[in-house]
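A.B. asks: Please see the structure below; I have some questions.
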Amino acid sequence: MSHKDLSRVNVGILALQGDFEAHQRMLEERVGVATSLVRTPRELATVDALVLPGGESTTIGKLMERIGLDRAIRERAQQGMPLFGTCAGLILLAQDIEGRPEQPTLGLLPITVARNAFGRQVDSFEADIPVQLRPDGPSELMRGVFIRAPYVTCVEPEVQILARFQGKVVAVRQERILAIAFHPELTDDPRIHAFFVDLIPAAS
Ligand code: GLN
């Protein structure tokens with residue numbers, strides 16, 4: 001858990017489409033941090049970090065572009081704002097999507113992802129996944145809820161791999177950007193969200 005003053009932190013949650021309310025509940029009720037829903041560049045300017053929820057990555061990507069949130073998010077990311085994407089959020093952070101060069105993404109993580117990659121027969125499933133959040137920390141089992149989930153097919157060396165499932169990369173981090181193919185927000189386990197809040201620079 002975080003040692004910094006959480007009362008000064010406000011975590012934004014992109015709320016254009018998808019399961020943003022589950023992230024809000026997790027962060028407010030289990031991690032104990034304030035959140036704001038973000039739908040405009042103006043709202044983005046008021047938050048210290050941003051969560052990109054699961055949902056439909058094509059829809060969220062198009063809406064972000066229409067509203068000008070894509071540029072605003074890239075700008076904040078360059079200034080060091082932490083970002084956390086789950087499932088569709090992971091896809092939106094990626095530089096490339098297999099077979100879909102036209103789909104808009106933020107392109108902030110030098111990874112390639114494949115959408116709906118676990119196959120049609122297993123649209124959604126759950127599994128215990130060993131996750132190593134900190135390079136010097138232990139690998140811990142976490143419940144992975146996968147819903148038409150992507151996985152990462154290619155990572156540049158500067159990207160840290162936090163978890164694999166069936167040999168496929170399903171969680172990565174580069175500095176203050178965290179991306180997870182499954183849905184920790186749909187469980188009772190706040191460890192990944194708490195880890196993300198720890199990436200927020202101490203409020204001044
Ligand atoms: N399959 C969705 C997509 O490609 C992601 C699914 C999810 O976020 N649960 O956008």
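Chain labels follow the order of the structure tokens: the first chain is A, the next B, and so on; residue numbering restarts at 1 in every chain, and ligands are counted from 1 in their shown order.
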Sorted by chain and rising residue number, which residues of chain A lie within 8 Å of ligand 1, and what are their closest atom pairs and distances in Å to one decimal, counting only C-alpha atoms and all ligand atoms, as a Markdown table?
C.D. replies:
| residue | atom | partner | partner_atom_place_in_ligand_line | distance |
| --- | --- | --- | --- | --- |
| A:Gly18 | CA | ligand 1 | 8 (O) | 7.3 |
| A:Pro53 | CA | ligand 1 | 8 (O) | 7.0 |
| A:Gly54 | CA | ligand 1 | 8 (O) | 3.4 |
| A:Gly55 | CA | ligand 1 | 8 (O) | 3.9 |
| A:Glu56 | CA | ligand 1 | 10 (O) | 3.7 |
| A:Ser57 | CA | ligand 1 | 10 (O) | 3.5 |
| A:Thr58 | CA | ligand 1 | 10 (O) | 6.0 |
| A:Thr59 | CA | ligand 1 | 10 (O) | 7.9 |
| A:Thr86 | CA | ligand 1 | 8 (O) | 6.8 |
| A:Cys87 | CA | ligand 1 | 8 (O) | 4.1 |
| A:Ala88 | CA | ligand 1 | 8 (O) | 3.8 |
| A:Gly89 | CA | ligand 1 | 8 (O) | 6.8 |
| A:Ile91 | CA | ligand 1 | 4 (O) | 7.0 |
| A:Arg115 | CA | ligand 1 | 4 (O) | 4.8 |
| A:Asn116 | CA | ligand 1 | 1 (N) | 4.9 |
| A:Phe146 | CA | ligand 1 | 9 (N) | 7.0 |
| A:Ile147 | CA | ligand 1 | 9 (N) | 4.5 |
| A:Arg148 | CA | ligand 1 | 1 (N) | 4.5 |
| A:Ala149 | CA | ligand 1 | 6 (C) | 5.2 |
| A:Pro150 | CA | ligand 1 | 4 (O) | 6.6 |
| A:Phe182 | CA | ligand 1 | 9 (N) | 7.5 |
| A:His183 | CA | ligand 1 | 9 (N) | 7.5 |
A.B. asks: For Leu162 in chain A, list every protein, DNA or RNA residue within 8 Å, evaluated using only C-alpha atoms, and leave out those in the same chain fewer than 2 positions away; present the list as a PyMOL selection string.
C.D. replies: chain A and resi 131-133+160+164+170-173
A.B. asks: Just the residues within 9 Å of Ser7 in chain A, please, counting only C-alpha atoms, with nothing from its chain fewer than 6 positions along; format it as a ChimeraX atom specification.
C.D. replies: /A:32-34
A.B. asks: As a compact mmCIF listing (two decimals) with all heavy atoms, in the first residue's frame, please: every residue in range 12-202 of chain A that a backbone DSSP assignment puts in helix (DSSP H, G or I).
C.D. replies:
# COMPACT_ATOMS: atom_id res chain seq x y z
N PHE A 20 -15.74 1.54 -16.54
CA PHE A 20 -15.08 2.55 -15.70
C PHE A 20 -15.60 2.57 -14.27
O PHE A 20 -14.86 2.85 -13.33
CB PHE A 20 -15.16 3.95 -16.34
CG PHE A 20 -16.54 4.39 -16.75
CD1 PHE A 20 -17.37 5.03 -15.86
CD2 PHE A 20 -17.00 4.15 -18.04
CE1 PHE A 20 -18.63 5.45 -16.23
CE2 PHE A 20 -18.27 4.55 -18.44
CZ PHE A 20 -19.09 5.20 -17.53
N GLU A 21 -16.90 2.20 -14.08
CA GLU A 21 -17.45 2.23 -12.72
C GLU A 21 -16.79 1.19 -11.81
O GLU A 21 -16.63 1.42 -10.61
CB GLU A 21 -18.95 2.02 -12.74
CG GLU A 21 -19.66 3.29 -13.17
CD GLU A 21 -21.12 3.09 -13.48
OE1 GLU A 21 -21.53 1.93 -13.68
OE2 GLU A 21 -21.84 4.10 -13.53
N ALA A 22 -16.37 0.06 -12.39
CA ALA A 22 -15.71 -0.96 -11.58
C ALA A 22 -14.35 -0.44 -11.08
O ALA A 22 -13.95 -0.69 -9.94
CB ALA A 22 -15.52 -2.23 -12.40
N HIS A 23 -13.65 0.31 -11.92
CA HIS A 23 -12.38 0.91 -11.47
C HIS A 23 -12.63 1.94 -10.37
O HIS A 23 -11.87 2.05 -9.41
CB HIS A 23 -11.68 1.60 -12.65
CG HIS A 23 -10.94 0.67 -13.54
ND1 HIS A 23 -9.74 0.10 -13.18
CD2 HIS A 23 -11.22 0.20 -14.78
CE1 HIS A 23 -9.31 -0.67 -14.18
NE2 HIS A 23 -10.19 -0.64 -15.15
N GLN A 24 -13.71 2.70 -10.53
CA GLN A 24 -14.02 3.74 -9.55
C GLN A 24 -14.29 3.11 -8.18
O GLN A 24 -13.75 3.55 -7.16
CB GLN A 24 -15.24 4.52 -10.04
CG GLN A 24 -15.49 5.77 -9.25
CD GLN A 24 -16.52 6.66 -9.92
OE1 GLN A 24 -17.48 6.18 -10.52
NE2 GLN A 24 -16.31 7.95 -9.82
N ARG A 25 -15.09 2.03 -8.17
CA ARG A 25 -15.38 1.35 -6.91
C ARG A 25 -14.10 0.80 -6.29
O ARG A 25 -13.86 0.95 -5.09
CB ARG A 25 -16.36 0.20 -7.14
CG ARG A 25 -17.81 0.63 -7.15
CD ARG A 25 -18.73 -0.59 -7.02
NE ARG A 25 -18.56 -1.52 -8.12
CZ ARG A 25 -19.18 -1.40 -9.29
NH1 ARG A 25 -20.01 -0.40 -9.51
NH2 ARG A 25 -18.98 -2.27 -10.26
N MET A 26 -13.29 0.14 -7.09
CA MET A 26 -12.05 -0.45 -6.58
C MET A 26 -11.16 0.63 -5.96
O MET A 26 -10.65 0.48 -4.85
CB MET A 26 -11.31 -1.15 -7.73
CG MET A 26 -9.94 -1.65 -7.41
SD MET A 26 -9.93 -2.92 -6.14
CE MET A 26 -10.15 -4.40 -7.13
N LEU A 27 -10.97 1.73 -6.67
CA LEU A 27 -10.04 2.77 -6.19
C LEU A 27 -10.60 3.48 -4.96
O LEU A 27 -9.88 3.74 -3.99
CB LEU A 27 -9.76 3.78 -7.31
CG LEU A 27 -8.83 3.24 -8.40
CD1 LEU A 27 -8.94 4.08 -9.67
CD2 LEU A 27 -7.38 3.22 -7.91
N GLU A 28 -11.89 3.78 -4.97
CA GLU A 28 -12.45 4.54 -3.85
C GLU A 28 -12.65 3.66 -2.62
O GLU A 28 -12.28 4.03 -1.51
CB GLU A 28 -13.77 5.19 -4.26
CG GLU A 28 -13.53 6.22 -5.35
CD GLU A 28 -14.55 7.33 -5.38
OE1 GLU A 28 -15.63 7.18 -4.77
OE2 GLU A 28 -14.26 8.35 -6.03
N GLU A 29 -13.24 2.47 -2.85
CA GLU A 29 -13.64 1.65 -1.69
C GLU A 29 -12.51 0.77 -1.17
O GLU A 29 -12.44 0.52 0.02
CB GLU A 29 -14.85 0.78 -2.07
CG GLU A 29 -16.09 1.64 -2.26
CD GLU A 29 -17.24 0.88 -2.90
OE1 GLU A 29 -17.26 -0.36 -2.83
OE2 GLU A 29 -18.12 1.55 -3.50
N ARG A 30 -11.62 0.31 -2.04
CA ARG A 30 -10.61 -0.64 -1.56
C ARG A 30 -9.22 -0.03 -1.44
O ARG A 30 -8.46 -0.40 -0.57
CB ARG A 30 -10.55 -1.86 -2.46
CG ARG A 30 -11.85 -2.64 -2.38
CD ARG A 30 -11.74 -4.03 -2.93
NE ARG A 30 -13.01 -4.70 -2.80
CZ ARG A 30 -13.31 -5.51 -1.80
NH1 ARG A 30 -12.43 -5.78 -0.86
NH2 ARG A 30 -14.50 -6.08 -1.74
N VAL A 31 -8.89 0.90 -2.34
CA VAL A 31 -7.57 1.54 -2.22
C VAL A 31 -7.68 2.81 -1.37
O VAL A 31 -6.72 3.21 -0.71
CB VAL A 31 -6.98 1.85 -3.63
CG1 VAL A 31 -5.61 2.51 -3.52
CG2 VAL A 31 -6.88 0.57 -4.46
N PRO A 41 -10.87 17.02 -22.26
CA PRO A 41 -9.52 17.48 -21.94
C PRO A 41 -9.50 18.34 -20.67
O PRO A 41 -8.55 18.30 -19.89
CB PRO A 41 -9.11 18.29 -23.17
CG PRO A 41 -9.89 17.69 -24.30
CD PRO A 41 -11.21 17.30 -23.68
N ARG A 42 -10.55 19.11 -20.47
CA ARG A 42 -10.64 19.96 -19.28
C ARG A 42 -10.65 19.14 -17.99
O ARG A 42 -10.01 19.48 -17.00
CB ARG A 42 -11.95 20.73 -19.36
CG ARG A 42 -11.79 22.20 -19.21
CD ARG A 42 -13.19 22.71 -19.31
NE ARG A 42 -13.37 23.74 -18.33
CZ ARG A 42 -13.84 24.93 -18.66
NH1 ARG A 42 -14.17 25.19 -19.90
NH2 ARG A 42 -14.01 25.83 -17.72
N GLU A 43 -11.43 18.05 -18.02
CA GLU A 43 -11.48 17.18 -16.84
C GLU A 43 -10.14 16.47 -16.64
O GLU A 43 -9.71 16.25 -15.51
CB GLU A 43 -12.62 16.16 -16.99
CG GLU A 43 -13.98 16.82 -16.83
CD GLU A 43 -15.15 15.96 -17.26
OE1 GLU A 43 -14.97 14.92 -17.93
OE2 GLU A 43 -16.29 16.35 -16.94
N LEU A 44 -9.47 16.15 -17.76
CA LEU A 44 -8.16 15.49 -17.65
C LEU A 44 -7.17 16.38 -16.90
O LEU A 44 -6.34 15.90 -16.14
CB LEU A 44 -7.62 15.16 -19.04
CG LEU A 44 -6.26 14.45 -19.05
CD1 LEU A 44 -6.39 13.03 -18.53
CD2 LEU A 44 -5.65 14.45 -20.46
N SER A 57 -12.26 -1.23 -27.60
CA SER A 57 -11.14 -0.32 -27.87
C SER A 57 -11.36 0.53 -29.12
O SER A 57 -10.91 1.68 -29.18
CB SER A 57 -9.83 -1.10 -27.98
OG SER A 57 -9.90 -2.06 -29.02
N THR A 58 -12.08 -0.01 -30.11
CA THR A 58 -12.33 0.79 -31.33
C THR A 58 -13.20 2.00 -30.98
O THR A 58 -12.91 3.13 -31.37
CB THR A 58 -13.08 -0.07 -32.38
OG1 THR A 58 -12.51 -1.37 -32.39
CG2 THR A 58 -13.00 0.54 -33.75
N THR A 59 -14.26 1.75 -30.23
CA THR A 59 -15.18 2.83 -29.85
C THR A 59 -14.47 3.87 -28.99
O THR A 59 -14.55 5.07 -29.24
CB THR A 59 -16.36 2.24 -29.02
OG1 THR A 59 -16.93 1.18 -29.78
CG2 THR A 59 -17.41 3.27 -28.70
N ILE A 60 -13.76 3.41 -27.96
CA ILE A 60 -13.10 4.36 -27.06
C ILE A 60 -12.06 5.18 -27.84
O ILE A 60 -11.95 6.39 -27.68
CB ILE A 60 -12.44 3.63 -25.86
CG1 ILE A 60 -13.50 2.86 -25.06
CG2 ILE A 60 -11.72 4.63 -24.95
CD1 ILE A 60 -12.93 1.98 -23.93
N GLY A 61 -11.31 4.51 -28.72
CA GLY A 61 -10.28 5.20 -29.50
C GLY A 61 -10.87 6.28 -30.39
O GLY A 61 -10.34 7.39 -30.46
N LYS A 62 -11.98 5.97 -31.04
CA LYS A 62 -12.61 6.96 -31.93
C LYS A 62 -13.15 8.14 -31.14
O LYS A 62 -13.01 9.30 -31.53
CB LYS A 62 -13.77 6.32 -32.70
CG LYS A 62 -13.29 5.46 -33.87
CD LYS A 62 -14.49 4.95 -34.66
CE LYS A 62 -14.03 3.90 -35.65
NZ LYS A 62 -15.12 2.99 -36.01
N LEU A 63 -13.79 7.83 -30.00
CA LEU A 63 -14.34 8.92 -29.17
C LEU A 63 -13.23 9.82 -28.65
O LEU A 63 -13.34 11.04 -28.65
CB LEU A 63 -15.16 8.35 -28.00
CG LEU A 63 -16.50 7.71 -28.38
CD1 LEU A 63 -17.09 6.97 -27.18
CD2 LEU A 63 -17.48 8.77 -28.86
N MET A 64 -12.12 9.21 -28.22
CA MET A 64 -10.99 10.00 -27.73
C MET A 64 -10.50 10.98 -28.79
O MET A 64 -10.22 12.13 -28.50
CB MET A 64 -9.81 9.09 -27.35
CG MET A 64 -9.92 8.53 -25.96
SD MET A 64 -8.41 7.74 -25.37
CE MET A 64 -7.80 6.88 -26.76
N GLU A 65 -10.42 10.49 -30.02
CA GLU A 65 -9.96 11.35 -31.12
C GLU A 65 -10.93 12.49 -31.35
O GLU A 65 -10.54 13.63 -31.53
CB GLU A 65 -9.87 10.53 -32.41
CG GLU A 65 -8.50 9.94 -32.64
CD GLU A 65 -8.37 9.35 -34.05
OE1 GLU A 65 -9.38 9.28 -34.79
OE2 GLU A 65 -7.27 8.96 -34.39
N ARG A 66 -12.22 12.15 -31.37
CA ARG A 66 -13.24 13.16 -31.67
C ARG A 66 -13.21 14.30 -30.65
O ARG A 66 -13.40 15.46 -30.98
CB ARG A 66 -14.63 12.49 -31.68
CG ARG A 66 -15.69 13.37 -32.31
CD ARG A 66 -17.04 12.68 -32.34
NE ARG A 66 -17.00 11.37 -32.95
CZ ARG A 66 -17.94 10.45 -32.78
NH1 ARG A 66 -18.97 10.68 -32.00
NH2 ARG A 66 -17.85 9.28 -33.37
N ILE A 67 -12.97 13.94 -29.39
CA ILE A 67 -13.02 14.93 -28.32
C ILE A 67 -11.68 15.64 -28.13
O ILE A 67 -11.59 16.63 -27.42
CB ILE A 67 -13.43 14.20 -27.01
CG1 ILE A 67 -14.78 13.52 -27.17
CG2 ILE A 67 -13.48 15.12 -25.82
CD1 ILE A 67 -15.05 12.45 -26.14
N LEU A 69 -9.19 14.12 -26.76
CA LEU A 69 -8.58 13.58 -25.55
C LEU A 69 -7.30 12.81 -25.85
O LEU A 69 -6.43 12.70 -25.00
CB LEU A 69 -9.57 12.65 -24.84
CG LEU A 69 -10.28 13.22 -23.63
CD1 LEU A 69 -11.35 12.25 -23.15
CD2 LEU A 69 -9.32 13.55 -22.49
N ASP A 70 -7.18 12.29 -27.06
CA ASP A 70 -5.96 11.53 -27.40
C ASP A 70 -4.74 12.43 -27.29
O ASP A 70 -3.76 12.10 -26.63
CB ASP A 70 -6.08 10.87 -28.77
CG ASP A 70 -6.37 11.85 -29.89
OD1 ASP A 70 -6.92 12.93 -29.62
OD2 ASP A 70 -6.04 11.54 -31.06
N ARG A 71 -4.81 13.60 -27.90
CA ARG A 71 -3.67 14.54 -27.83
C ARG A 71 -3.41 14.99 -26.40
O ARG A 71 -2.27 15.07 -25.95
CB ARG A 71 -3.95 15.77 -28.69
CG ARG A 71 -3.70 15.48 -30.14
CD ARG A 71 -3.95 16.71 -30.98
NE ARG A 71 -3.30 17.91 -30.46
CZ ARG A 71 -3.61 19.13 -30.85
NH1 ARG A 71 -4.54 19.35 -31.74
NH2 ARG A 71 -2.97 20.17 -30.35
N ALA A 72 -4.50 15.30 -25.69
CA ALA A 72 -4.36 15.77 -24.31
C ALA A 72 -3.72 14.69 -23.43
O ALA A 72 -2.87 14.99 -22.59
CB ALA A 72 -5.72 16.17 -23.76
N ILE A 73 -4.10 13.44 -23.63
CA ILE A 73 -3.53 12.35 -22.82
C ILE A 73 -2.06 12.16 -23.17
O ILE A 73 -1.21 12.00 -22.28
CB ILE A 73 -4.32 11.03 -23.02
CG1 ILE A 73 -5.75 11.17 -22.45
CG2 ILE A 73 -3.59 9.85 -22.37
CD1 ILE A 73 -6.68 10.02 -22.80
N ARG A 74 -1.72 12.21 -24.46
CA ARG A 74 -0.30 12.07 -24.85
C ARG A 74 0.55 13.16 -24.22
O ARG A 74 1.65 12.91 -23.74
CB ARG A 74 -0.16 12.13 -26.37
CG ARG A 74 -0.53 10.83 -27.04
CD ARG A 74 -0.13 10.85 -28.51
NE ARG A 74 -1.00 9.94 -29.23
CZ ARG A 74 -2.04 10.31 -29.97
NH1 ARG A 74 -2.32 11.59 -30.15
NH2 ARG A 74 -2.79 9.40 -30.55
N GLU A 75 0.01 14.37 -24.22
CA GLU A 75 0.76 15.49 -23.63
C GLU A 75 1.02 15.27 -22.14
O GLU A 75 2.13 15.44 -21.66
CB GLU A 75 -0.06 16.78 -23.78
CG GLU A 75 0.50 17.71 -24.83
CD GLU A 75 -0.47 18.87 -25.06
OE1 GLU A 75 -0.91 19.49 -24.05
OE2 GLU A 75 -0.81 19.10 -26.22
N ARG A 76 -0.04 14.86 -21.43
CA ARG A 76 0.11 14.61 -19.99
C ARG A 76 1.08 13.45 -19.74
O ARG A 76 1.87 13.48 -18.80
CB ARG A 76 -1.24 14.31 -19.34
CG ARG A 76 -2.19 15.47 -19.19
CD ARG A 76 -1.72 16.55 -18.22
NE ARG A 76 -1.35 16.06 -16.90
CZ ARG A 76 -2.20 15.84 -15.88
NH1 ARG A 76 -3.49 16.07 -16.05
NH2 ARG A 76 -1.76 15.41 -14.72
N ALA A 77 1.01 12.43 -20.59
CA ALA A 77 1.90 11.27 -20.43
C ALA A 77 3.35 11.72 -20.59
O ALA A 77 4.24 11.28 -19.84
CB ALA A 77 1.55 10.19 -21.44
N GLN A 78 3.59 12.60 -21.55
CA GLN A 78 4.96 13.09 -21.75
C GLN A 78 5.45 13.86 -20.53
O GLN A 78 6.64 13.89 -20.25
CB GLN A 78 5.03 13.99 -22.98
CG GLN A 78 5.35 13.19 -24.23
CD GLN A 78 4.85 13.84 -25.50
OE1 GLN A 78 4.61 15.05 -25.53
NE2 GLN A 78 4.66 13.05 -26.53
N ALA A 88 -9.19 -3.47 -23.00
CA ALA A 88 -9.24 -2.48 -24.08
C ALA A 88 -8.27 -1.33 -23.79
O ALA A 88 -7.67 -0.76 -24.71
CB ALA A 88 -10.66 -1.93 -24.23
N GLY A 89 -8.08 -1.01 -22.51
CA GLY A 89 -7.14 0.06 -22.12
C GLY A 89 -5.71 -0.29 -22.51
O GLY A 89 -4.92 0.58 -22.92
N LEU A 90 -5.34 -1.57 -22.37
CA LEU A 90 -4.02 -2.03 -22.82
C LEU A 90 -3.88 -1.82 -24.32
O LEU A 90 -2.86 -1.33 -24.81
CB LEU A 90 -3.82 -3.50 -22.44
CG LEU A 90 -2.57 -4.21 -23.00
CD1 LEU A 90 -2.04 -5.21 -21.98
CD2 LEU A 90 -2.83 -4.92 -24.30
N ILE A 91 -4.94 -2.17 -25.06
CA ILE A 91 -4.89 -2.02 -26.52
C ILE A 91 -4.70 -0.54 -26.88
O ILE A 91 -3.91 -0.20 -27.76
CB ILE A 91 -6.20 -2.56 -27.15
CG1 ILE A 91 -6.35 -4.06 -26.88
CG2 ILE A 91 -6.25 -2.27 -28.65
CD1 ILE A 91 -7.72 -4.63 -27.18
N LEU A 92 -5.40 0.34 -26.16
CA LEU A 92 -5.32 1.77 -26.47
C LEU A 92 -3.94 2.36 -26.17
O LEU A 92 -3.56 3.36 -26.74
CB LEU A 92 -6.40 2.53 -25.68
CG LEU A 92 -7.82 2.27 -26.21
CD1 LEU A 92 -8.85 2.68 -25.19
CD2 LEU A 92 -8.03 3.03 -27.52
N LEU A 93 -3.22 1.75 -25.25
CA LEU A 93 -1.87 2.25 -24.92
C LEU A 93 -0.82 1.80 -25.93
O LEU A 93 0.23 2.41 -26.06
CB LEU A 93 -1.47 1.78 -23.52
CG LEU A 93 -2.19 2.47 -22.36
CD1 LEU A 93 -1.96 1.70 -21.06
CD2 LEU A 93 -1.72 3.91 -22.22
N PRO A 184 -8.40 -6.71 -13.19
CA PRO A 184 -8.34 -6.71 -11.72
C PRO A 184 -9.47 -5.89 -11.09
O PRO A 184 -9.85 -6.14 -9.94
CB PRO A 184 -6.97 -6.08 -11.42
CG PRO A 184 -6.53 -5.42 -12.68
CD PRO A 184 -7.20 -6.14 -13.81
N GLU A 185 -10.05 -4.96 -11.85
CA GLU A 185 -11.16 -4.15 -11.31
C GLU A 185 -12.42 -4.97 -11.09
O GLU A 185 -13.35 -4.53 -10.42
CB GLU A 185 -11.44 -2.95 -12.23
CG GLU A 185 -12.12 -3.24 -13.56
CD GLU A 185 -11.17 -3.74 -14.66
OE1 GLU A 185 -10.02 -4.11 -14.34
OE2 GLU A 185 -11.60 -3.79 -15.83
N LEU A 186 -12.48 -6.18 -11.67
CA LEU A 186 -13.67 -7.03 -11.49
C LEU A 186 -13.46 -8.06 -10.39
O LEU A 186 -14.23 -9.00 -10.27
CB LEU A 186 -14.02 -7.71 -12.81
CG LEU A 186 -14.38 -6.77 -13.97
CD1 LEU A 186 -14.75 -7.56 -15.22
CD2 LEU A 186 -15.51 -5.82 -13.59
N ARG A 191 -4.52 -5.20 -5.13
CA ARG A 191 -3.05 -5.07 -5.19
C ARG A 191 -2.56 -4.33 -6.44
O ARG A 191 -1.64 -3.50 -6.35
CB ARG A 191 -2.39 -6.46 -5.12
CG ARG A 191 -2.36 -7.00 -3.71
CD ARG A 191 -1.79 -8.40 -3.67
NE ARG A 191 -2.69 -9.38 -4.27
CZ ARG A 191 -2.41 -10.67 -4.41
NH1 ARG A 191 -1.25 -11.14 -3.99
NH2 ARG A 191 -3.29 -11.50 -4.95
N ILE A 192 -3.14 -4.61 -7.58
CA ILE A 192 -2.63 -3.96 -8.80
C ILE A 192 -3.01 -2.47 -8.81
O ILE A 192 -2.20 -1.61 -9.16
CB ILE A 192 -3.14 -4.68 -10.07
CG1 ILE A 192 -2.52 -6.10 -10.11
CG2 ILE A 192 -2.75 -3.91 -11.33
CD1 ILE A 192 -2.91 -6.94 -11.31
N HIS A 193 -4.22 -2.15 -8.37
CA HIS A 193 -4.61 -0.74 -8.30
C HIS A 193 -3.76 0.03 -7.29
O HIS A 193 -3.39 1.18 -7.52
CB HIS A 193 -6.10 -0.60 -7.97
CG HIS A 193 -7.00 -0.95 -9.12
ND1 HIS A 193 -7.25 -2.24 -9.50
CD2 HIS A 193 -7.68 -0.16 -10.00
CE1 HIS A 193 -8.07 -2.24 -10.56
NE2 HIS A 193 -8.32 -0.99 -10.88
N ALA A 194 -3.46 -0.61 -6.15
CA ALA A 194 -2.62 0.05 -5.14
C ALA A 194 -1.21 0.28 -5.69
O ALA A 194 -0.60 1.33 -5.46
CB ALA A 194 -2.57 -0.80 -3.87
N PHE A 195 -0.72 -0.70 -6.43
CA PHE A 195 0.60 -0.55 -7.07
C PHE A 195 0.58 0.64 -8.03
O PHE A 195 1.50 1.46 -8.08
CB PHE A 195 0.95 -1.84 -7.82
CG PHE A 195 2.22 -1.75 -8.62
CD1 PHE A 195 3.46 -1.78 -7.99
CD2 PHE A 195 2.17 -1.62 -10.00
CE1 PHE A 195 4.63 -1.70 -8.75
CE2 PHE A 195 3.34 -1.53 -10.75
CZ PHE A 195 4.57 -1.57 -10.13
N PHE A 196 -0.52 0.77 -8.80
CA PHE A 196 -0.63 1.89 -9.73
C PHE A 196 -0.63 3.23 -8.98
O PHE A 196 0.07 4.17 -9.37
CB PHE A 196 -1.90 1.76 -10.57
CG PHE A 196 -2.17 2.94 -11.44
CD1 PHE A 196 -1.26 3.33 -12.41
CD2 PHE A 196 -3.32 3.70 -11.29
CE1 PHE A 196 -1.49 4.45 -13.22
CE2 PHE A 196 -3.56 4.80 -12.09
CZ PHE A 196 -2.64 5.18 -13.05
N VAL A 197 -1.38 3.29 -7.90
CA VAL A 197 -1.43 4.55 -7.13
C VAL A 197 -0.04 4.90 -6.60
O VAL A 197 0.34 6.07 -6.52
CB VAL A 197 -2.49 4.44 -6.01
CG1 VAL A 197 -2.39 5.59 -5.02
CG2 VAL A 197 -3.89 4.38 -6.62
N ASP A 198 0.75 3.88 -6.30
CA ASP A 198 2.13 4.12 -5.85
C ASP A 198 2.99 4.76 -6.94
O ASP A 198 4.04 5.33 -6.64
CB ASP A 198 2.79 2.80 -5.43
CG ASP A 198 2.61 2.53 -3.95
OD1 ASP A 198 2.20 3.46 -3.22
OD2 ASP A 198 2.86 1.38 -3.53
A.B. asks: Within 8 Å of Val155 in chain A, counting only C-alpha atoms, which residues qualify if same-chain residues fewer than 3 places away don't, as a ChimeraX atom specification?
C.D. replies: /A:110-112,152,159
A.B. asks: Assign secondary structure with DSSP using the backbone only, and return the residues of range 42-186 of chain A in strand (DSSP E or B) as a VMD selection string.
C.D. replies: chain A and resid 49 to 52 83 to 86 94 to 97 109 to 114 124 to 131 140 to 147 151 to 155 160 to 165 168 to 174 177 to 180
A.B. asks: Counting only C-alpha atoms, figure out which residue out of A:Val51, A:Ala202, A:Ala117, A:Met142 gets nearest to Thr187 in chain A.
C.D. replies: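 Among A:Val51, A:Ala202, A:Ala117, A:Met142, it is A:Met142 that comes nearest to Thr187 in chain A.
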A.B. asks: Between CA of Ala49 in chain A and CA of Asn10 in chain A, what is the spacing in Å?
C.D. replies: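 For CA of Asn10 in chain A relative to CA of Ala49 in chain A, the distance reads 7.3 Å.
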A.B. asks: Can you tell me which residues surround Gln166 in chain A at a distance of at most 12 Å, considering only C-alpha atoms, apart from same-chain residues fewer than 6 positions away, and format the answer as a PyMOL selection string?
C.D. replies: chain A and resi 118+127-130+151
A.B. asks: Provide the CA of Gln79 in chain A to CA of Gly12 in chain A distance in Å, to one decimal place.
C.D. replies: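 Result for CA of Gln79 in chain A versus CA of Gly12 in chain A: 15.7 Å, one decimal.
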A.B. asks: How many Å lie between CA of Ile177 in chain A and CA of Val113 in chain A, rounded to one decimal?
C.D. replies: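 Between these atoms lies a distance of 15.4 Å.
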